[in-house]
file upload_24.cif (mmCIF, C-alpha atoms (C1' of nucleotides))
data_model
loop_
_atom_site.label_atom_id
_atom_site.label_comp_id
_atom_site.auth_asym_id
_atom_site.auth_seq_id
_atom_site.Cartn_x
_atom_site.Cartn_y
_atom_site.Cartn_z
CA MET J 196 -17.72 -14.71 -11.29
CA ASP J 197 -16.75 -17.06 -14.11
CA GLY J 198 -13.39 -18.68 -14.69
CA PRO J 199 -11.43 -20.85 -12.32
CA ASP J 200 -11.00 -19.89 -8.71
CA PRO J 201 -7.29 -19.08 -8.43
CA ALA J 202 -7.13 -20.36 -4.88
CA ARG J 203 -8.84 -23.65 -5.58
CA ASP J 204 -5.86 -25.80 -6.43
CA LEU J 205 -3.47 -24.50 -3.79
CA PRO J 206 -2.10 -26.92 -1.24
CA ALA J 207 -3.68 -26.81 2.18
CA GLY J 208 -1.74 -25.58 5.18
CA PRO J 209 -1.05 -22.40 7.10
CA ALA J 210 -0.23 -20.37 3.98
CA ALA J 211 -3.47 -21.36 2.31
CA ASP J 212 -5.39 -19.70 5.14
CA LEU J 213 -3.88 -16.45 3.92
CA TRP J 214 -3.87 -17.05 0.18
CA GLU J 215 -7.49 -17.96 -0.23
CA PRO J 216 -9.14 -14.95 1.44
CA VAL J 217 -6.65 -12.46 -0.01
CA LEU J 218 -7.00 -13.79 -3.56
CA ARG J 219 -10.76 -13.82 -3.24
CA TRP J 220 -10.75 -10.27 -1.87
CA TYR J 221 -8.54 -9.08 -4.73
CA ASP J 222 -10.86 -10.68 -7.25
CA GLY J 223 -13.67 -8.44 -6.04
CA HIS J 224 -11.81 -5.27 -5.09
CA ALA J 225 -8.89 -4.76 -7.46
CA ARG J 226 -8.74 -1.33 -9.06
CA ASP J 227 -8.90 -1.13 -12.83
CA LEU J 228 -5.51 0.35 -13.64
CA PRO J 229 -4.20 0.77 -17.20
CA TRP J 230 -1.03 -1.21 -16.57
CA ARG J 231 -3.11 -4.10 -15.24
CA GLU J 232 -5.32 -4.48 -18.28
CA PRO J 233 -4.98 -7.83 -20.05
CA GLY J 234 -3.53 -6.21 -23.17
CA ALA J 235 -1.07 -3.97 -21.31
CA SER J 236 2.45 -4.17 -22.73
CA ALA J 237 5.53 -4.91 -20.66
CA TRP J 238 6.65 -1.38 -21.53
CA SER J 239 3.45 0.01 -20.01
CA VAL J 240 4.12 -1.98 -16.86
CA MET J 241 7.73 -0.81 -16.81
CA VAL J 242 6.79 2.85 -17.21
CA SER J 243 4.21 2.52 -14.44
CA GLU J 244 6.77 1.00 -12.07
CA TYR J 245 9.21 3.86 -12.57
CA MET J 246 6.48 6.43 -12.09
CA LEU J 247 5.02 4.72 -9.05
CA GLN J 248 8.29 4.79 -7.13
CA GLN J 249 7.40 7.04 -4.19
CA THR J 250 4.51 8.56 -6.11
CA PRO J 251 0.76 7.96 -5.59
CA VAL J 252 -1.32 6.19 -8.25
CA ALA J 253 -3.67 9.13 -8.74
CA ARG J 254 -0.87 11.41 -9.87
CA VAL J 255 0.74 8.78 -12.10
CA LEU J 256 -2.42 7.96 -14.08
CA PRO J 257 -2.54 10.97 -16.45
CA VAL J 258 1.23 11.13 -16.99
CA HIS J 259 1.42 7.42 -17.70
CA ALA J 260 -1.36 7.68 -20.29
CA ALA J 261 0.29 10.61 -22.08
CA TRP J 262 3.67 8.87 -21.96
CA LEU J 263 2.41 5.66 -23.57
CA GLU J 264 0.48 7.65 -26.14
CA ARG J 265 3.58 9.56 -27.16
CA TRP J 266 6.11 6.72 -26.79
CA PRO J 267 4.28 3.41 -27.36
CA ARG J 268 7.52 1.42 -27.46
CA PRO J 269 10.90 1.77 -25.72
CA ALA J 270 12.60 2.65 -29.01
CA ASP J 271 10.27 5.64 -29.45
CA LEU J 272 11.49 7.14 -26.21
CA ALA J 273 15.09 6.13 -26.86
CA ALA J 274 15.05 8.22 -30.04
CA GLU J 275 14.24 11.41 -28.13
CA PRO J 276 16.57 13.78 -26.27
CA THR J 277 16.57 13.15 -22.53
CA GLY J 278 15.11 16.60 -21.96
CA GLU J 279 11.87 15.51 -23.59
CA ALA J 280 11.54 12.78 -20.98
CA VAL J 281 12.22 15.26 -18.20
CA ARG J 282 9.61 17.65 -19.58
CA ALA J 283 7.00 14.93 -20.04
CA TRP J 284 7.67 13.75 -16.51
CA GLY J 285 6.03 16.96 -15.38
CA ARG J 286 5.61 17.37 -11.65
CA LEU J 287 5.74 13.70 -10.65
CA GLY J 288 8.83 14.40 -8.59
CA TYR J 289 12.28 12.82 -8.46
CA PRO J 290 12.95 13.78 -12.10
CA ARG J 291 16.10 11.68 -12.21
CA ARG J 292 13.65 8.82 -12.67
CA ALA J 293 12.79 10.31 -16.06
CA LEU J 294 16.46 10.28 -16.99
CA ARG J 295 16.82 6.71 -15.81
CA LEU J 296 13.71 5.58 -17.67
CA HIS J 297 15.10 7.16 -20.82
CA ALA J 298 18.46 5.46 -20.29
CA ALA J 299 16.66 2.18 -19.67
CA ALA J 300 14.73 2.61 -22.92
CA VAL J 301 18.03 3.08 -24.72
CA ALA J 302 19.45 -0.03 -23.08
CA VAL J 303 16.35 -2.06 -23.93
CA THR J 304 16.58 -0.89 -27.53
CA GLU J 305 20.30 -1.62 -27.86
CA ARG J 306 20.71 -4.73 -25.74
CA HIS J 307 17.32 -6.42 -25.91
CA GLY J 308 16.07 -5.71 -29.40
CA GLY J 309 13.52 -3.21 -28.15
CA GLU J 310 11.73 -5.74 -25.94
CA VAL J 311 11.55 -5.23 -22.18
CA PRO J 312 13.50 -8.20 -20.79
CA ALA J 313 11.65 -10.76 -18.71
CA SER J 314 14.45 -12.00 -16.52
CA TYR J 315 15.06 -10.50 -13.10
CA ASP J 316 18.82 -10.18 -13.71
CA ASP J 317 18.42 -8.39 -17.04
CA LEU J 318 15.89 -6.03 -15.49
CA LEU J 319 18.06 -5.37 -12.45
CA ALA J 320 20.86 -4.25 -14.77
CA LEU J 321 18.73 -1.42 -16.14
CA PRO J 322 19.26 2.06 -14.68
CA GLY J 323 16.61 2.96 -12.12
CA VAL J 324 15.68 -0.67 -11.50
CA GLY J 325 16.38 -2.05 -8.04
CA ASP J 326 15.23 -5.24 -6.39
CA TYR J 327 11.60 -4.21 -6.09
CA THR J 328 11.19 -2.92 -9.64
CA ALA J 329 12.97 -5.91 -11.21
CA ALA J 330 10.72 -8.31 -9.33
CA ALA J 331 7.63 -6.23 -10.10
CA ILE J 332 8.21 -6.06 -13.86
CA ALA J 333 9.14 -9.75 -14.11
CA THR J 334 6.04 -10.62 -12.10
CA PHE J 335 3.39 -8.23 -13.41
CA ALA J 336 4.48 -8.07 -17.04
CA TYR J 337 5.59 -11.67 -17.51
CA GLY J 338 4.00 -13.71 -14.74
CA ARG J 339 7.36 -14.82 -13.36
CA ARG J 340 7.60 -16.01 -9.77
CA HIS J 341 9.51 -13.56 -7.58
CA VAL J 342 9.27 -12.12 -4.09
CA VAL J 343 7.81 -8.65 -4.56
CA LEU J 344 8.56 -6.56 -1.49
CA ASP J 345 7.28 -3.02 -1.66
CA THR J 346 6.18 -0.78 1.18
CA ASN J 347 2.60 -2.14 1.01
CA VAL J 348 3.58 -5.79 1.14
CA ARG J 349 6.08 -5.12 3.90
CA ARG J 350 3.46 -3.35 6.00
CA VAL J 351 0.87 -6.10 5.53
CA HIS J 352 3.37 -8.80 6.43
CA ALA J 353 4.65 -6.85 9.44
CA ARG J 354 1.14 -6.52 10.78
CA VAL J 355 -0.48 -9.83 9.89
CA LEU J 356 2.52 -12.07 10.53
CA ALA J 357 4.70 -10.22 13.05
CA GLY J 358 2.11 -8.15 14.90
CA GLN J 359 4.05 -4.95 14.29
CA ALA J 360 2.48 -1.71 13.10
CA VAL J 361 5.43 -0.77 10.91
CA PRO J 362 8.10 -2.84 9.15
CA ALA J 363 11.83 -2.36 9.75
CA ALA J 364 13.58 0.62 8.20
CA SER J 365 15.06 -1.58 5.49
CA VAL J 366 14.29 -5.07 4.23
CA THR J 367 15.70 -7.73 6.54
CA ARG J 368 16.79 -11.23 5.69
CA ALA J 369 14.08 -12.66 7.92
CA GLU J 370 11.49 -10.57 6.16
CA ARG J 371 12.59 -11.79 2.74
CA ASP J 372 12.67 -15.42 3.87
CA ARG J 373 9.22 -15.09 5.34
CA ALA J 374 7.86 -13.62 2.12
CA ALA J 375 9.56 -16.32 0.05
CA ALA J 376 8.08 -19.07 2.20
CA LEU J 377 4.64 -17.56 1.70
CA LEU J 378 4.86 -17.29 -2.09
CA PRO J 379 2.49 -19.73 -3.81
CA PRO J 380 4.39 -22.48 -5.66
CA ASP J 381 3.05 -21.91 -9.14
CA ALA J 382 4.07 -18.75 -10.97
CA PRO J 383 0.67 -17.42 -12.09
CA THR J 384 -0.80 -17.69 -8.61
CA ALA J 385 2.34 -16.20 -7.09
CA ALA J 386 1.98 -13.20 -9.40
CA THR J 387 -1.64 -12.68 -8.44
CA TRP J 388 -0.79 -13.16 -4.79
CA SER J 389 1.86 -10.42 -4.97
CA VAL J 390 -0.37 -7.86 -6.63
CA ALA J 391 -3.21 -8.82 -4.28
CA VAL J 392 -1.17 -8.22 -1.13
CA MET J 393 0.07 -4.93 -2.55
CA GLU J 394 -3.50 -3.90 -3.28
CA LEU J 395 -4.59 -4.90 0.20
CA GLY J 396 -1.89 -2.69 1.66
CA ALA J 397 -2.79 0.18 -0.63
CA LEU J 398 -6.55 0.08 -0.06
CA VAL J 399 -7.24 -1.56 3.31
CA CYS J 400 -4.15 -2.07 5.45
CA THR J 401 -2.97 1.49 4.94
CA ALA J 402 -0.26 3.23 6.92
CA ARG J 403 -2.47 5.89 8.46
CA SER J 404 -5.90 4.38 8.90
CA PRO J 405 -6.24 0.63 8.38
CA ASP J 406 -9.78 -0.55 7.75
CA CYS J 407 -9.74 -3.84 9.61
CA ASP J 408 -13.48 -4.27 9.15
CA ALA J 409 -12.88 -4.62 5.42
CA CYS J 410 -9.83 -6.84 5.72
CA PRO J 411 -10.11 -10.45 4.48
CA VAL J 412 -7.47 -11.65 6.96
CA ALA J 413 -8.46 -9.63 10.01
CA GLY J 414 -9.25 -12.90 11.76
CA THR J 415 -5.67 -14.13 11.50
CA CYS J 416 -3.90 -10.78 11.89
CA ALA J 417 -1.33 -10.81 14.70
CA TRP J 418 -1.32 -7.02 14.97
CA ARG J 419 -5.07 -6.87 15.40
CA ALA J 420 -5.06 -9.75 17.87
CA ALA J 421 -2.50 -7.84 19.94
CA GLY J 422 -4.72 -4.77 20.05
CA HIS J 423 -2.97 -2.70 17.37
CA PRO J 424 0.17 -1.86 19.36
CA ALA J 425 1.77 1.37 18.17
CA TYR J 426 5.18 1.54 16.52
CA ASP J 427 7.81 1.56 19.25
CA GLY J 428 11.09 1.53 17.35
CA PRO J 429 13.60 4.35 17.05
CA VAL J 430 12.24 7.76 16.06
CA ARG J 431 12.30 8.39 12.34
CA ARG J 432 13.26 11.86 11.32
CA ALA J 433 10.86 13.36 8.86
CA GLN J 434 12.44 14.66 5.69
CA ALA J 435 13.09 18.38 5.88
CA TRP J 436 11.79 20.41 2.99
CA ASP J 437 11.73 24.19 3.43
CA GLY J 438 14.97 25.74 2.30
CA THR J 439 16.56 22.45 1.26
CA ASP J 440 18.54 21.80 -1.89
CA ARG J 441 15.76 19.56 -3.05
CA GLN J 442 13.28 22.40 -2.91
CA CYS J 443 15.75 24.68 -4.65
CA ARG J 444 16.46 22.14 -7.39
CA GLY J 445 12.73 21.68 -7.88
CA ARG J 446 12.24 25.41 -8.35
CA LEU J 447 15.08 25.72 -10.81
CA LEU J 448 14.03 22.72 -12.84
CA ALA J 449 10.44 23.97 -12.97
CA VAL J 450 11.69 27.11 -14.69
CA LEU J 451 13.52 25.07 -17.32
CA ARG J 452 10.59 22.69 -17.77
CA ASP J 453 8.13 25.50 -18.31
CA ALA J 454 10.33 27.26 -20.87
CA ASP J 455 10.36 26.37 -24.55
CA ALA J 456 13.82 27.84 -25.15
CA PRO J 457 17.09 28.24 -23.24
CA VAL J 458 16.65 30.28 -20.09
CA HIS J 459 18.77 33.24 -19.06
CA LEU J 460 20.45 32.86 -15.69
CA SER J 461 18.58 35.93 -14.43
CA ARG J 462 15.35 33.94 -14.68
CA LEU J 463 16.80 31.47 -12.21
CA ASP J 464 17.80 34.30 -9.88
CA ALA J 465 14.13 35.05 -9.55
CA ALA J 466 13.32 31.46 -8.66
CA TRP J 467 15.54 31.20 -5.56
CA PRO J 468 16.85 34.02 -3.36
CA ASP J 469 20.06 32.57 -1.93
CA PRO J 470 22.77 32.94 -4.64
CA LEU J 471 25.17 30.43 -3.13
CA GLN J 472 22.60 27.69 -2.76
CA ARG J 473 21.17 28.52 -6.17
CA ALA J 474 24.57 28.14 -7.80
CA ARG J 475 25.23 24.89 -5.98
CA CYS J 476 21.89 23.43 -6.99
CA LEU J 477 22.25 24.46 -10.61
CA GLU J 478 25.66 22.82 -10.61
CA GLY J 479 24.03 19.70 -9.24
CA LEU J 480 21.37 19.69 -11.95
CA LEU J 481 24.07 20.05 -14.60
CA THR J 482 26.10 17.24 -13.06
CA ASP J 483 23.04 15.01 -12.90
CA GLY J 484 22.23 15.64 -16.55
CA LEU J 485 18.92 17.30 -15.74
CA ALA J 486 20.13 20.56 -17.29
CA VAL J 487 22.74 21.67 -19.81
CA ARG J 488 24.59 24.94 -20.42
CA THR J 489 23.58 26.43 -23.73
CA SER J 490 25.79 29.52 -23.48
CA ASP J 491 27.71 31.55 -20.89
CA THR J 492 24.45 32.99 -19.63
CA THR J 493 21.79 30.43 -20.51
CA VAL J 494 20.76 26.91 -19.49
CA ALA J 495 18.10 24.50 -20.75
CA LEU J 496 16.74 21.00 -20.44
CA PRO J 497 19.14 18.48 -22.03
"C1'" DA V 279 24.44 2.35 5.50
"C1'" DA V 280 22.22 6.61 6.46
"C1'" DG V 281 21.09 10.43 3.51
"C1'" DA V 282 19.84 12.60 -0.88
"C1'" DC V 283 16.43 12.89 -3.99
"C1'" DG V 284 10.34 16.14 -5.59
"C1'" DT V 285 5.75 16.85 -5.09
"C1'" DG V 286 1.19 17.36 -3.46
"C1'" DG V 287 -2.78 15.43 -1.01
"C1'" DA V 288 -4.81 13.87 3.32
"C1'" DC V 289 -5.77 14.36 8.12
"C1'" DT C 178 -1.08 24.17 10.11
"C1'" DG C 179 2.23 20.96 10.13
"C1'" DT C 180 3.25 16.27 9.77
"C1'" DC C 181 2.97 12.08 7.37
"C1'" DC C 182 3.02 9.44 3.44
"C1'" DA C 183 3.16 7.63 -1.59
"C1'" DA C 184 4.48 0.44 -6.14
"C1'" DG C 185 12.44 3.03 -4.32
"C1'" DT C 186 17.09 3.71 -6.13
"C1'" DC C 187 21.62 5.13 -5.73
"C1'" DT C 188 25.82 6.30 -3.40
#

call {"tool": "encode", "arguments": {"input": "upload_24.cif", "output": "structure tokens"}}
result
Amino acid sequence: MDGPDPARDLPAGPAADLWEPVLRWYDGHARDLPWREPGASAWSVMVSEYMLQQTPVARVLPVHAAWLERWPRPADLAAEPTGEAVRAWGRLGYPRRALRLHAAAVAVTERHGGEVPASYDDLLALPGVGDYTAAAIATFAYGRRHVVLDTNVRRVHARVLAGQAVPAASVTRAERDRAAALLPPDAPTAATWSVAVMELGALVCTARSPDCDACPVAGTCAWRAAGHPAYDGPVRRAQAWDGTDRQCRGRLLAVLRDADAPVHLSRLDAAWPDPLQRARCLEGLLTDGLAVRTSDTTVALP
DNA sequence: AAGACGTGGAC
DNA sequence: TGTCCAAGTCT
């Protein structure tokens, strides 16, 4: 391993006991992902962050590659109809993200000269960018120092620091303060720290089957020390799926996505049996801008 | 501030 | 087989 040890110059103290082993672990175990390559553009990072919202890395990989190949810069996407973004989004899920990414590309082109902004506030103003994504793009594309709180980081912190199997339903003030206090003082190390903790949560401290034997901070983990107590909070209702509007919308949109011309309404009849729900969901897709009417009897991607 | 919003793989 | 889960955002 050549190059400087990123943990070497950090101040000593309680935090350093965490930083050092996690940074060292990341150095040897980080996945090679396209948006992490040294030459990766901020646009590549931005596209990956949209696609990775609620979607596993393995399914994002091929779509991300095709996307960057076709639209190497934000302005390239901005010049296309939104329907092209929806079609290229494929089956990643939550297709409104494709619409938002397109709208963000337009905003970047018009307001930022075609360059993905580096500031958290400018990023947060983009459609589809919330606190996590703004912090992630500023951090991973530009090396800025921000608290990056995604589901992986929250789970690792809940376990290692609080001894809880699962973090709270939504980000708490205490959680954010704790993460801020832990953030290394210099920006480059803070950026590496954030991606390292995320990676640890994704590969080792997973939701279903944590591999404590492979964990660099198992020795200081409060959850492990307590004997891995199970989650004891309020019951969380699993998302229903069968027969829901979301399933219906997915079916309808799949028909439009797979067609290369406007689709007759009768084709949608075949995609979902309940006429009332079908009509409601189509109306929703039209309202959301995921579909457009092309005639009295046909619809298409926008 | 819960609930809506897609999809498919893993156990 | 059914449940759980995946780098959240928006309203």

call {"tool": "interface_residues", "arguments": {"input": "upload_24.cif", "of": "chain J", "to": "chain C", "cutoff": "8 Å", "atoms": "all atoms listed in the file", "output": "list in words"}}
result
Glu244, Leu247, Gln248, Gln249, Thr250, Pro251, Gly323, Val324, Gly325, Tyr327, Asp345, Thr346, Asn347, Met393 and Ala402 of chain J

call {"tool": "atom_distance", "arguments": {"input": "upload_24.cif", "atom1": "atom CA of J:Ala299", "atom2": "atom CA of J:Ser236"}}
result
15.9 Å

call {"tool": "resolve_selection", "arguments": {"input": "upload_24.cif", "expression": "the PyMOL selection byres ((chain J) within 7 of (chain V))", "output": "PDB file with C-alpha atoms, in the coordinates of the input"}}
result
ATOM      1  CA  ARG J 286       5.610  17.370 -11.650  1.00  0.00           C
ATOM      2  CA  LEU J 287       5.740  13.700 -10.650  1.00  0.00           C
ATOM      3  CA  GLY J 288       8.830  14.400  -8.590  1.00  0.00           C
ATOM      4  CA  TYR J 289      12.280  12.820  -8.460  1.00  0.00           C
ATOM      5  CA  ARG J 441      15.760  19.560  -3.050  1.00  0.00           C
ATOM      6  CA  GLY J 445      12.730  21.680  -7.880  1.00  0.00           C
TER       7      GLY J 445
END

call {"tool": "residues_around", "arguments": {"input": "upload_24.cif", "residues": "J:Trp238", "least_positions_apart": "4", "cutoff": "12 Å", "atoms": "only C-alpha atoms (C1' of nucleotides)", "output": "PDB file with C-alpha atoms, in the coordinates of the input"}}
result
ATOM      1  CA  PRO J 229      -4.200   0.770 -17.200  1.00  0.00           C
ATOM      2  CA  TRP J 230      -1.030  -1.210 -16.570  1.00  0.00           C
ATOM      3  CA  ARG J 231      -3.110  -4.100 -15.240  1.00  0.00           C
ATOM      4  CA  GLY J 234      -3.530  -6.210 -23.170  1.00  0.00           C
ATOM      5  CA  VAL J 242       6.790   2.850 -17.210  1.00  0.00           C
ATOM      6  CA  SER J 243       4.210   2.520 -14.440  1.00  0.00           C
ATOM      7  CA  GLU J 244       6.770   1.000 -12.070  1.00  0.00           C
ATOM      8  CA  TYR J 245       9.210   3.860 -12.570  1.00  0.00           C
ATOM      9  CA  HIS J 259       1.420   7.420 -17.700  1.00  0.00           C
ATOM     10  CA  TRP J 262       3.670   8.870 -21.960  1.00  0.00           C
ATOM     11  CA  LEU J 263       2.410   5.660 -23.570  1.00  0.00           C
ATOM     12  CA  GLU J 264       0.480   7.650 -26.140  1.00  0.00           C
ATOM     13  CA  TRP J 266       6.110   6.720 -26.790  1.00  0.00           C
ATOM     14  CA  PRO J 267       4.280   3.410 -27.360  1.00  0.00           C
ATOM     15  CA  ARG J 268       7.520   1.420 -27.460  1.00  0.00           C
ATOM     16  CA  PRO J 269      10.900   1.770 -25.720  1.00  0.00           C
ATOM     17  CA  ALA J 270      12.600   2.650 -29.010  1.00  0.00           C
ATOM     18  CA  ASP J 271      10.270   5.640 -29.450  1.00  0.00           C
ATOM     19  CA  LEU J 272      11.490   7.140 -26.210  1.00  0.00           C
ATOM     20  CA  LEU J 296      13.710   5.580 -17.670  1.00  0.00           C
ATOM     21  CA  ALA J 299      16.660   2.180 -19.670  1.00  0.00           C
ATOM     22  CA  ALA J 300      14.730   2.610 -22.920  1.00  0.00           C
ATOM     23  CA  VAL J 303      16.350  -2.060 -23.930  1.00  0.00           C
ATOM     24  CA  THR J 304      16.580  -0.890 -27.530  1.00  0.00           C
ATOM     25  CA  GLY J 309      13.520  -3.210 -28.150  1.00  0.00           C
ATOM     26  CA  GLU J 310      11.730  -5.740 -25.940  1.00  0.00           C
ATOM     27  CA  VAL J 311      11.550  -5.230 -22.180  1.00  0.00           C
ATOM     28  CA  PRO J 312      13.500  -8.200 -20.790  1.00  0.00           C
ATOM     29  CA  ALA J 313      11.650 -10.760 -18.710  1.00  0.00           C
ATOM     30  CA  LEU J 318      15.890  -6.030 -15.490  1.00  0.00           C
ATOM     31  CA  ILE J 332       8.210  -6.060 -13.860  1.00  0.00           C
ATOM     32  CA  ALA J 333       9.140  -9.750 -14.110  1.00  0.00           C
ATOM     33  CA  PHE J 335       3.390  -8.230 -13.410  1.00  0.00           C
ATOM     34  CA  ALA J 336       4.480  -8.070 -17.040  1.00  0.00           C
ATOM     35  CA  TYR J 337       5.590 -11.670 -17.510  1.00  0.00           C
TER      36      TYR J 337
END

call {"tool": "atom_distance", "arguments": {"input": "upload_24.cif", "atom1": "atom CA of J:Ala273", "atom2": "atom CA of J:Arg339"}}
result
26.1 Å

call {"tool": "resolve_selection", "arguments": {"input": "upload_24.cif", "expression": "the PyMOL selection byres ((chain J and resi 357-362) around 6)", "output": "list in words"}}
result
Arg350, Ala353, Arg354, Val355, Leu356, Ala363, Ala417, Trp418, Ala425 and Tyr426 of chain J

call {"tool": "atom_distance", "arguments": {"input": "upload_24.cif", "atom1": "atom CA of J:Arg452", "atom2": "atom CA of J:Arg282"}}
result
5.4 Å

call {"tool": "closest_residue", "arguments": {"input": "upload_24.cif", "among": "J:Glu478, J:Asp381, J:Asp491, J:Glu394", "to": "J:His459", "atoms": "all atoms listed in the file"}}
result
J:Asp491

call {"tool": "residues_around", "arguments": {"input": "upload_24.cif", "residues": "J:Asp453", "least_positions_apart": "3", "cutoff": "10 Å", "atoms": "all atoms listed in the file", "output": "PyMOL selection string"}}
result
chain J and resi 282+285+448-450+456+458+496

call {"tool": "write_last_selection", "arguments": {"input": "upload_24.cif", "atoms": "C-alpha atoms", "output": "mmCIF file, in the coordinates of the input"}}
result
data_model
loop_
_atom_site.group_PDB
_atom_site.id
_atom_site.type_symbol
_atom_site.label_atom_id
_atom_site.label_comp_id
_atom_site.auth_asym_id
_atom_site.auth_seq_id
_atom_site.Cartn_x
_atom_site.Cartn_y
_atom_site.Cartn_z
ATOM 1 C CA ARG J 282 9.610 17.650 -19.580
ATOM 2 C CA GLY J 285 6.030 16.960 -15.380
ATOM 3 C CA LEU J 448 14.030 22.720 -12.840
ATOM 4 C CA ALA J 449 10.440 23.970 -12.970
ATOM 5 C CA VAL J 450 11.690 27.110 -14.690
ATOM 6 C CA ALA J 456 13.820 27.840 -25.150
ATOM 7 C CA VAL J 458 16.650 30.280 -20.090
ATOM 8 C CA LEU J 496 16.740 21.000 -20.440
#

call {"tool": "axis_aligned_box", "arguments": {"input": "upload_24.cif", "around": "chain V", "padding_each_side": "5 Å", "output": "AutoDock Vina command-line options"}}
result
--center_x 9.3 --center_y 9.9 --center_z 1.3 --size_x 40.2 --size_y 25.0 --size_z 23.7

call {"tool": "build_atoms", "arguments": {"input": "upload_24.cif", "residues": "stretch 338-344 of chain J", "atoms": "all heavy atoms", "output": "mmCIF file, in the coordinates of the input"}}
result
data_model
loop_
_atom_site.group_PDB
_atom_site.id
_atom_site.type_symbol
_atom_site.label_atom_id
_atom_site.label_comp_id
_atom_site.auth_asym_id
_atom_site.auth_seq_id
_atom_site.Cartn_x
_atom_site.Cartn_y
_atom_site.Cartn_z
ATOM 1 N N GLY J 338 4.519 -12.605 -15.534
ATOM 2 C CA GLY J 338 4.000 -13.710 -14.740
ATOM 3 C C GLY J 338 5.069 -14.577 -14.113
ATOM 4 O O GLY J 338 4.804 -15.725 -13.751
ATOM 5 N N ARG J 339 6.297 -14.045 -14.007
ATOM 6 C CA ARG J 339 7.360 -14.820 -13.360
ATOM 7 C C ARG J 339 7.102 -14.879 -11.862
ATOM 8 O O ARG J 339 6.356 -14.065 -11.314
ATOM 9 C CB ARG J 339 8.726 -14.176 -13.625
ATOM 10 C CG ARG J 339 9.114 -14.105 -15.092
ATOM 11 C CD ARG J 339 9.456 -15.488 -15.622
ATOM 12 N NE ARG J 339 9.789 -15.441 -17.056
ATOM 13 C CZ ARG J 339 11.035 -15.348 -17.534
ATOM 14 N NH1 ARG J 339 12.045 -15.258 -16.699
ATOM 15 N NH2 ARG J 339 11.252 -15.336 -18.838
ATOM 16 N N ARG J 340 7.781 -15.816 -11.212
ATOM 17 C CA ARG J 340 7.600 -16.010 -9.770
ATOM 18 C C ARG J 340 8.746 -15.379 -8.996
ATOM 19 O O ARG J 340 9.853 -15.911 -8.977
ATOM 20 C CB ARG J 340 7.492 -17.504 -9.460
ATOM 21 C CG ARG J 340 7.212 -17.836 -8.009
ATOM 22 C CD ARG J 340 7.030 -19.346 -7.811
ATOM 23 N NE ARG J 340 6.759 -19.672 -6.412
ATOM 24 C CZ ARG J 340 7.697 -19.865 -5.492
ATOM 25 N NH1 ARG J 340 8.957 -19.766 -5.826
ATOM 26 N NH2 ARG J 340 7.372 -20.153 -4.246
ATOM 27 N N HIS J 341 8.496 -14.239 -8.384
ATOM 28 C CA HIS J 341 9.510 -13.560 -7.580
ATOM 29 C C HIS J 341 8.882 -13.011 -6.305
ATOM 30 O O HIS J 341 7.680 -12.751 -6.270
ATOM 31 C CB HIS J 341 10.123 -12.387 -8.367
ATOM 32 C CG HIS J 341 11.011 -12.813 -9.482
ATOM 33 N ND1 HIS J 341 12.308 -13.237 -9.295
ATOM 34 C CD2 HIS J 341 10.787 -12.886 -10.825
ATOM 35 C CE1 HIS J 341 12.838 -13.547 -10.462
ATOM 36 N NE2 HIS J 341 11.949 -13.354 -11.405
ATOM 37 N N VAL J 342 9.721 -12.799 -5.301
ATOM 38 C CA VAL J 342 9.270 -12.120 -4.090
ATOM 39 C C VAL J 342 9.191 -10.632 -4.405
ATOM 40 O O VAL J 342 10.198 -10.018 -4.749
ATOM 41 C CB VAL J 342 10.230 -12.373 -2.923
ATOM 42 C CG1 VAL J 342 9.865 -11.486 -1.742
ATOM 43 C CG2 VAL J 342 10.210 -13.841 -2.521
ATOM 44 N N VAL J 343 8.010 -10.074 -4.296
ATOM 45 C CA VAL J 343 7.810 -8.650 -4.560
ATOM 46 C C VAL J 343 7.606 -7.939 -3.221
ATOM 47 O O VAL J 343 6.581 -8.082 -2.578
ATOM 48 C CB VAL J 343 6.572 -8.433 -5.463
ATOM 49 C CG1 VAL J 343 6.353 -6.958 -5.705
ATOM 50 C CG2 VAL J 343 6.749 -9.178 -6.786
ATOM 51 N N LEU J 344 8.616 -7.208 -2.802
ATOM 52 C CA LEU J 344 8.560 -6.560 -1.490
ATOM 53 C C LEU J 344 8.548 -5.045 -1.648
ATOM 54 O O LEU J 344 9.596 -4.415 -1.741
ATOM 55 C CB LEU J 344 9.768 -6.964 -0.643
ATOM 56 C CG LEU J 344 9.689 -8.251 0.171
ATOM 57 C CD1 LEU J 344 10.925 -8.388 1.037
ATOM 58 C CD2 LEU J 344 8.420 -8.283 1.014
#
